[in-house]
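These notes are about the structure you will find just below.
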Amino acid sequence: MPVYEYQCKECGHHFDKLKPMSKMDEKEECPKCSSNDIVRKLSVFAVGSGSKSGCSASQQESCGG
C-alpha cells in the first residue's frame, strides 16, 4: 500500500496517509485544522536494486564498481 503525502492549504500542515491505490482520489481532511482544502504532493521514494552497493549492473562503472 502506498504512502501519500499531503499539504493543507489552510494551515500549511504536511502529513502522510497510508491507503490503497483504489482510494487515492478520495478527499482527505487535515488532522491539524480539519480543513478539506488539501493538495496531494509528489512523493520521492527509493527502490532497491538488490545490489549491496546500491548500484545496478548498468551503473557499476559510475558507482566505482
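Identifiers for the C-alpha cells are assigned positionally: chains receive A, B, ... in sequence, residues are indexed from 1 per chain, and ligands are indexed from 1 in the order shown.
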For stretch 13-17 of chain A, please output as an mmCIF file with N, CA and C atoms, in the first residue's frame all residues within 9 Å (counting only C-alpha atoms; exclusion window: fewer than 2 positions along the same chain).
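Heads up, here's the output in result24.cif:
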```cif
data_model
loop_
_atom_site.group_PDB
_atom_site.id
_atom_site.type_symbol
_atom_site.label_atom_id
_atom_site.label_comp_id
_atom_site.auth_asym_id
_atom_site.auth_seq_id
_atom_site.Cartn_x
_atom_site.Cartn_y
_atom_site.Cartn_z
ATOM 1 N N PRO A 2 0.634 2.167 -0.899
ATOM 2 C CA PRO A 2 1.464 3.374 -0.971
ATOM 3 C C PRO A 2 1.159 4.393 0.118
ATOM 4 N N VAL A 3 2.151 5.205 0.394
ATOM 5 C CA VAL A 3 2.002 6.319 1.330
ATOM 6 C C VAL A 3 1.871 7.585 0.494
ATOM 7 N N TYR A 4 0.826 8.344 0.722
ATOM 8 C CA TYR A 4 0.600 9.583 0.003
ATOM 9 C C TYR A 4 0.928 10.757 0.919
ATOM 10 N N GLU A 5 1.524 11.783 0.360
ATOM 11 C CA GLU A 5 1.869 12.986 1.111
ATOM 12 C C GLU A 5 0.887 14.093 0.753
ATOM 13 N N TYR A 6 0.475 14.833 1.763
ATOM 14 C CA TYR A 6 -0.496 15.911 1.580
ATOM 15 C C TYR A 6 -0.011 17.180 2.261
ATOM 16 N N GLN A 7 -0.555 18.303 1.805
ATOM 17 C CA GLN A 7 -0.329 19.583 2.469
ATOM 18 C C GLN A 7 -1.664 20.311 2.540
ATOM 19 N N CYS A 8 -1.937 20.848 3.710
ATOM 20 C CA CYS A 8 -3.157 21.617 3.921
ATOM 21 C C CYS A 8 -2.934 23.034 3.415
ATOM 22 N N LYS A 9 -3.832 23.509 2.563
ATOM 23 C CA LYS A 9 -3.737 24.885 2.058
ATOM 24 C C LYS A 9 -4.152 25.901 3.116
ATOM 25 N N GLU A 10 -4.926 25.457 4.077
ATOM 26 C CA GLU A 10 -5.427 26.363 5.121
ATOM 27 C C GLU A 10 -4.350 26.689 6.158
ATOM 28 N N CYS A 11 -3.699 25.649 6.723
ATOM 29 C CA CYS A 11 -2.734 25.890 7.805
ATOM 30 C C CYS A 11 -1.297 25.524 7.430
ATOM 31 N N LYS A 19 -2.765 4.410 2.304
ATOM 32 C CA LYS A 19 -4.070 3.945 1.846
ATOM 33 C C LYS A 19 -3.931 3.257 0.497
ATOM 34 N N GLU A 28 -9.234 14.079 1.568
ATOM 35 C CA GLU A 28 -8.652 13.950 2.906
ATOM 36 C C GLU A 28 -8.991 15.177 3.726
ATOM 37 N N CYS A 30 -7.416 17.611 6.912
ATOM 38 C CA CYS A 30 -6.212 17.944 7.661
ATOM 39 C C CYS A 30 -6.383 17.494 9.121
ATOM 40 N N PRO A 31 -5.430 16.698 9.630
ATOM 41 C CA PRO A 31 -5.532 16.257 11.011
ATOM 42 C C PRO A 31 -5.287 17.377 12.033
ATOM 43 N N LYS A 32 -4.736 18.491 11.571
ATOM 44 C CA LYS A 32 -4.430 19.605 12.477
ATOM 45 C C LYS A 32 -5.595 20.593 12.593
ATOM 46 N N CYS A 33 -6.159 21.020 11.446
ATOM 47 C CA CYS A 33 -7.205 22.052 11.486
ATOM 48 C C CYS A 33 -8.554 21.574 10.932
#
```
For this session: List every residue of stretch 9-41 of chain A that DSSP, applied to the backbone, labels as strand (DSSP E or B), and write the result as a ChimeraX atom specification.
Result: /A:14-18,38-41
For this session: Can you pull out every residue within 7 Å of stretch 20-23 of chain A, counting only C-alpha atoms, but drop anything in the same chain fewer than 2 positions away, and send it as a PyMOL selection string?
Result: chain A and resi 1-2+25-26
